[in-house]
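Reading through the structure tokens given below for one structure.
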Amino acid sequence: LAQGDLSLYVFAPPPQRLGVARAHLVFLIPSKHTQTSSRASVRQALQSLLRSNKMPISLLPFPQVVVALMQIGFPLNQVYQARHNLTNLDYVQWTVYWIITALWTVIENTCLWLVVDWFPFFLELKICFFLWLAHPDYKGAAYLWFAHLQKPHKELDAKHYDKIVGVMESAKLPDAAAAKQEDSKPIGSKEEMDKILKEED
């Protein structure tokens, strides 16, 4: 592929099998007809390659599916199995885990897209990290909370909680919502509930 005064050579192995991504070797070689290289040509060539071949370098079969099962499926299965016997530690573990998962998803899609596509074995490292966070023998999410996050959270909570609650309490409802809230009076006691049920009978 000729780009101005550069020639771009891409070596690609045979087509991927079982979902395993191919690794590409890229060479930018000056043309025989000129001894000078153009930065614009280099930039255009690399941008063209990035747009046309976005795939993670991984040894896993169907790497995106495996990562999704590890990051979402496995934790959901753990929560479902322990749904009737959740302890305070479990609540901490899974609350922190899902917060980390949400933040990771946002950062990965906005800032780390180049790392995901081109850093070798990034998906394997990601699986190891989330396995450590979620596995019941490690409970890495709970460890992160108690060892590193709880103390700064307490400081921030003590400093800003009253301000945030004050702002929320001072916020006014729209007139339509306030009128609807006044019309729907809550049932205050068990006697009132029994009285309503008898009237309906």
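Within each chain, counting starts at residue 1; across the structure tokens, chains are named A, B, ... in the order shown, with ligands numbered 1 upward in that order.
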(message) Env of Thr105 (chain A): 12 Å cut, atoms = only C-alpha atoms, seq-sep filter 4 positions within chain, self excluded. Answer as a VMD selection string.
(response) chain A and resid 68 71 to 72 98 to 101 109 to 113 116 126
Selection file, N, CA, C and O atoms, as a JSON list (two decimals), in the first residue's frame:
```
[["chain", "number", "residue", "atom", "x", "y", "z"],
["A", 68, "ALA", "N", -16.64, -11.08, 28.71],
["A", 68, "ALA", "CA", -17.98, -10.72, 29.19],
["A", 68, "ALA", "C", -18.52, -11.74, 30.18],
["A", 68, "ALA", "O", -19.13, -11.37, 31.20],
["A", 71, "GLN", "N", -16.55, -11.13, 33.44],
["A", 71, "GLN", "CA", -16.81, -9.85, 34.09],
["A", 71, "GLN", "C", -18.25, -9.70, 34.56],
["A", 71, "GLN", "O", -18.51, -9.08, 35.60],
["A", 72, "ILE", "N", -19.20, -10.28, 33.84],
["A", 72, "ILE", "CA", -20.62, -10.11, 34.16],
["A", 72, "ILE", "C", -21.28, -11.43, 34.59],
["A", 72, "ILE", "O", -21.94, -11.49, 35.63],
["A", 98, "TRP", "N", -19.51, -3.99, 41.49],
["A", 98, "TRP", "CA", -20.29, -3.44, 40.38],
["A", 98, "TRP", "C", -19.94, -1.98, 40.12],
["A", 98, "TRP", "O", -20.03, -1.51, 38.98],
["A", 99, "ILE", "N", -19.54, -1.25, 41.15],
["A", 99, "ILE", "CA", -19.08, 0.12, 40.92],
["A", 99, "ILE", "C", -17.79, 0.11, 40.10],
["A", 99, "ILE", "O", -17.63, 0.89, 39.15],
["A", 100, "ILE", "N", -16.85, -0.77, 40.46],
["A", 100, "ILE", "CA", -15.61, -0.87, 39.70],
["A", 100, "ILE", "C", -15.89, -1.29, 38.26],
["A", 100, "ILE", "O", -15.30, -0.77, 37.31],
["A", 101, "THR", "N", -16.82, -2.23, 38.08],
["A", 101, "THR", "CA", -17.16, -2.68, 36.73],
["A", 101, "THR", "C", -17.73, -1.55, 35.89],
["A", 101, "THR", "O", -17.37, -1.38, 34.72],
["A", 109, "ASN", "N", -14.06, 2.36, 27.36],
["A", 109, "ASN", "CA", -14.66, 2.77, 26.09],
["A", 109, "ASN", "C", -14.30, 4.19, 25.68],
["A", 109, "ASN", "O", -14.45, 4.55, 24.52],
["A", 110, "THR", "N", -13.83, 5.00, 26.62],
["A", 110, "THR", "CA", -13.53, 6.40, 26.30],
["A", 110, "THR", "C", -12.03, 6.69, 26.25],
["A", 110, "THR", "O", -11.59, 7.51, 25.44],
["A", 111, "CYS", "N", -11.24, 6.03, 27.09],
["A", 111, "CYS", "CA", -9.81, 6.37, 27.21],
["A", 111, "CYS", "C", -8.87, 5.23, 26.83],
["A", 111, "CYS", "O", -7.77, 5.48, 26.33],
["A", 112, "LEU", "N", -9.26, 3.99, 27.07],
["A", 112, "LEU", "CA", -8.35, 2.85, 26.88],
["A", 112, "LEU", "C", -8.62, 2.08, 25.61],
["A", 112, "LEU", "O", -8.16, 0.94, 25.48],
["A", 113, "TRP", "N", -9.36, 2.67, 24.66],
["A", 113, "TRP", "CA", -9.71, 1.90, 23.46],
["A", 113, "TRP", "C", -8.47, 1.47, 22.68],
["A", 113, "TRP", "O", -8.42, 0.38, 22.10],
["A", 116, "VAL", "N", -6.90, -1.51, 24.48],
["A", 116, "VAL", "CA", -7.69, -2.72, 24.28],
["A", 116, "VAL", "C", -7.40, -3.33, 22.91],
["A", 116, "VAL", "O", -7.27, -4.55, 22.78],
["A", 126, "LYS", "N", -7.05, -8.53, 31.93],
["A", 126, "LYS", "CA", -8.35, -8.06, 32.42],
["A", 126, "LYS", "C", -9.12, -9.20, 33.09],
["A", 126, "LYS", "O", -9.73, -9.01, 34.15]]
```
(message) When you count only C-alpha atoms, which of these residues is closest to Pro136 (chain A): A:Pro120, A:Gly166, A:Pro152, A:Pro75?
(response) A:Pro75
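Taking CA of Val65 (chain A) and CA of Phe130 (chain A) as endpoints, the distance between them is 14.4 Å.
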(message) I'd like the interatomic distance between CA of Gln93 (chain A) and CA of Cys128 (chain A), to a tenth of an Å.
(response) 17.1 Å
Give me the residues of region 105-179 of chain A that have any atom at most 12 Å from an atom of region 76-91 of chain A; for each, the nearest atom pair and the distance in Å, rounded to one decimal. Use only C-alpha atoms, sort by chain and number, and format it as a Markdown table.
```
| residue | atom | partner | partner_atom | distance |
| --- | --- | --- | --- | --- |
| A:Leu131 | CA | A:Gln78 | CA | 11.9 |
| A:Ala134 | CA | A:Gln78 | CA | 8.4 |
| A:His135 | CA | A:Gln78 | CA | 8.6 |
| A:Pro136 | CA | A:Gln78 | CA | 8.2 |
| A:Asp137 | CA | A:Gln78 | CA | 11.9 |
| A:Lys139 | CA | A:Asp90 | CA | 9.0 |
| A:Gly140 | CA | A:Asp90 | CA | 11.6 |
| A:Ala141 | CA | A:Asp90 | CA | 10.0 |
| A:Ala142 | CA | A:Leu89 | CA | 7.2 |
| A:Tyr143 | CA | A:Leu89 | CA | 10.1 |
| A:Trp145 | CA | A:Leu89 | CA | 10.5 |
| A:Phe146 | CA | A:Leu89 | CA | 10.1 |
```
Create the file for the chosen residues now, containing all heavy atoms and written as a short mmCIF file (atom, residue, chain, number, x, y, z; two decimals), in the first residue's frame.
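What landed in part-v1.cif:
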```cif
data_model
loop_
_atom_site.label_atom_id
_atom_site.label_comp_id
_atom_site.auth_asym_id
_atom_site.auth_seq_id
_atom_site.Cartn_x
_atom_site.Cartn_y
_atom_site.Cartn_z
N LEU A 131 -11.29 -11.68 37.84
CA LEU A 131 -11.39 -12.94 38.58
C LEU A 131 -10.95 -12.75 40.02
O LEU A 131 -11.57 -13.26 40.95
CB LEU A 131 -10.55 -14.01 37.89
CG LEU A 131 -10.58 -15.40 38.54
CD1 LEU A 131 -11.98 -15.99 38.48
CD2 LEU A 131 -9.59 -16.33 37.84
N ALA A 134 -13.75 -10.90 41.93
CA ALA A 134 -15.03 -11.57 42.14
C ALA A 134 -14.94 -12.94 42.78
O ALA A 134 -15.94 -13.40 43.36
CB ALA A 134 -15.77 -11.69 40.80
N HIS A 135 -13.81 -13.60 42.70
CA HIS A 135 -13.75 -14.99 43.16
C HIS A 135 -13.97 -15.06 44.68
O HIS A 135 -13.40 -14.27 45.44
CB HIS A 135 -12.40 -15.61 42.81
CG HIS A 135 -12.40 -17.09 42.85
ND1 HIS A 135 -12.29 -17.81 44.02
CD2 HIS A 135 -12.53 -18.01 41.85
CE1 HIS A 135 -12.31 -19.11 43.75
NE2 HIS A 135 -12.47 -19.26 42.46
N PRO A 136 -14.79 -15.99 45.15
CA PRO A 136 -15.08 -16.07 46.59
C PRO A 136 -13.88 -16.39 47.46
O PRO A 136 -13.89 -16.11 48.66
CB PRO A 136 -16.14 -17.18 46.67
CG PRO A 136 -16.00 -17.97 45.41
CD PRO A 136 -15.56 -16.99 44.37
N ASP A 137 -12.83 -16.99 46.89
CA ASP A 137 -11.63 -17.27 47.68
C ASP A 137 -10.75 -16.04 47.87
O ASP A 137 -9.91 -16.01 48.78
CB ASP A 137 -10.81 -18.37 47.01
CG ASP A 137 -11.50 -19.72 47.06
OD1 ASP A 137 -12.42 -19.88 47.90
OD2 ASP A 137 -11.14 -20.61 46.27
N LYS A 139 -12.09 -12.39 46.97
CA LYS A 139 -12.93 -11.23 47.27
C LYS A 139 -12.10 -9.94 47.22
O LYS A 139 -12.01 -9.17 48.18
CB LYS A 139 -13.60 -11.39 48.63
CG LYS A 139 -14.61 -12.53 48.66
CD LYS A 139 -15.44 -12.55 49.92
CE LYS A 139 -16.52 -13.63 49.84
NZ LYS A 139 -17.36 -13.68 51.04
N GLY A 140 -11.49 -9.74 46.06
CA GLY A 140 -10.62 -8.59 45.89
C GLY A 140 -11.34 -7.26 46.01
O GLY A 140 -10.75 -6.28 46.46
N ALA A 141 -12.62 -7.21 45.61
CA ALA A 141 -13.36 -5.95 45.73
C ALA A 141 -13.51 -5.55 47.19
O ALA A 141 -13.33 -4.38 47.55
CB ALA A 141 -14.74 -6.10 45.07
N ALA A 142 -13.84 -6.50 48.05
CA ALA A 142 -13.95 -6.21 49.48
C ALA A 142 -12.60 -5.82 50.06
O ALA A 142 -12.50 -4.91 50.92
CB ALA A 142 -14.52 -7.41 50.22
N TYR A 143 -11.53 -6.48 49.59
CA TYR A 143 -10.19 -6.11 50.06
C TYR A 143 -9.86 -4.67 49.70
O TYR A 143 -9.32 -3.92 50.53
CB TYR A 143 -9.16 -7.07 49.48
CG TYR A 143 -7.74 -6.58 49.65
CD1 TYR A 143 -7.09 -6.71 50.88
CD2 TYR A 143 -7.06 -5.97 48.59
CE1 TYR A 143 -5.80 -6.25 51.04
CE2 TYR A 143 -5.77 -5.51 48.75
CZ TYR A 143 -5.14 -5.65 49.98
OH TYR A 143 -3.86 -5.18 50.14
N TRP A 145 -11.87 -2.25 49.28
CA TRP A 145 -12.66 -1.33 50.09
C TRP A 145 -12.07 -1.18 51.49
O TRP A 145 -11.80 -0.08 51.94
CB TRP A 145 -14.10 -1.81 50.18
CG TRP A 145 -14.92 -1.04 51.17
CD1 TRP A 145 -15.31 -1.45 52.41
CD2 TRP A 145 -15.41 0.30 51.02
NE1 TRP A 145 -16.02 -0.47 53.04
CE2 TRP A 145 -16.10 0.62 52.22
CE3 TRP A 145 -15.34 1.25 50.02
CZ2 TRP A 145 -16.70 1.86 52.41
CZ3 TRP A 145 -15.95 2.47 50.21
CH2 TRP A 145 -16.62 2.77 51.39
N PHE A 146 -11.87 -2.28 52.18
CA PHE A 146 -11.42 -2.22 53.57
C PHE A 146 -9.96 -1.78 53.69
O PHE A 146 -9.59 -1.13 54.68
CB PHE A 146 -11.62 -3.57 54.25
CG PHE A 146 -13.05 -3.92 54.49
CD1 PHE A 146 -13.67 -4.96 53.82
CD2 PHE A 146 -13.82 -3.18 55.40
CE1 PHE A 146 -14.99 -5.28 54.04
CE2 PHE A 146 -15.15 -3.48 55.63
CZ PHE A 146 -15.75 -4.53 54.94
#
```
(message) What's the separation between CA of Phe129 (chain A) and CA of Met70 (chain A), in Å to one decimal place?
(response) 10.1 Å
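Counting only C-alpha atoms and comparing A:Ile57, A:Tyr97, A:Lys151, A:Val92, the residue that lies closest to Trp132 (chain A) is A:Tyr97.
Using only C-alpha atoms, the nearest neighbour of Glu124 (chain A) within the list A:Lys159, A:Val67, A:Met168, A:Pro61 is A:Val67.
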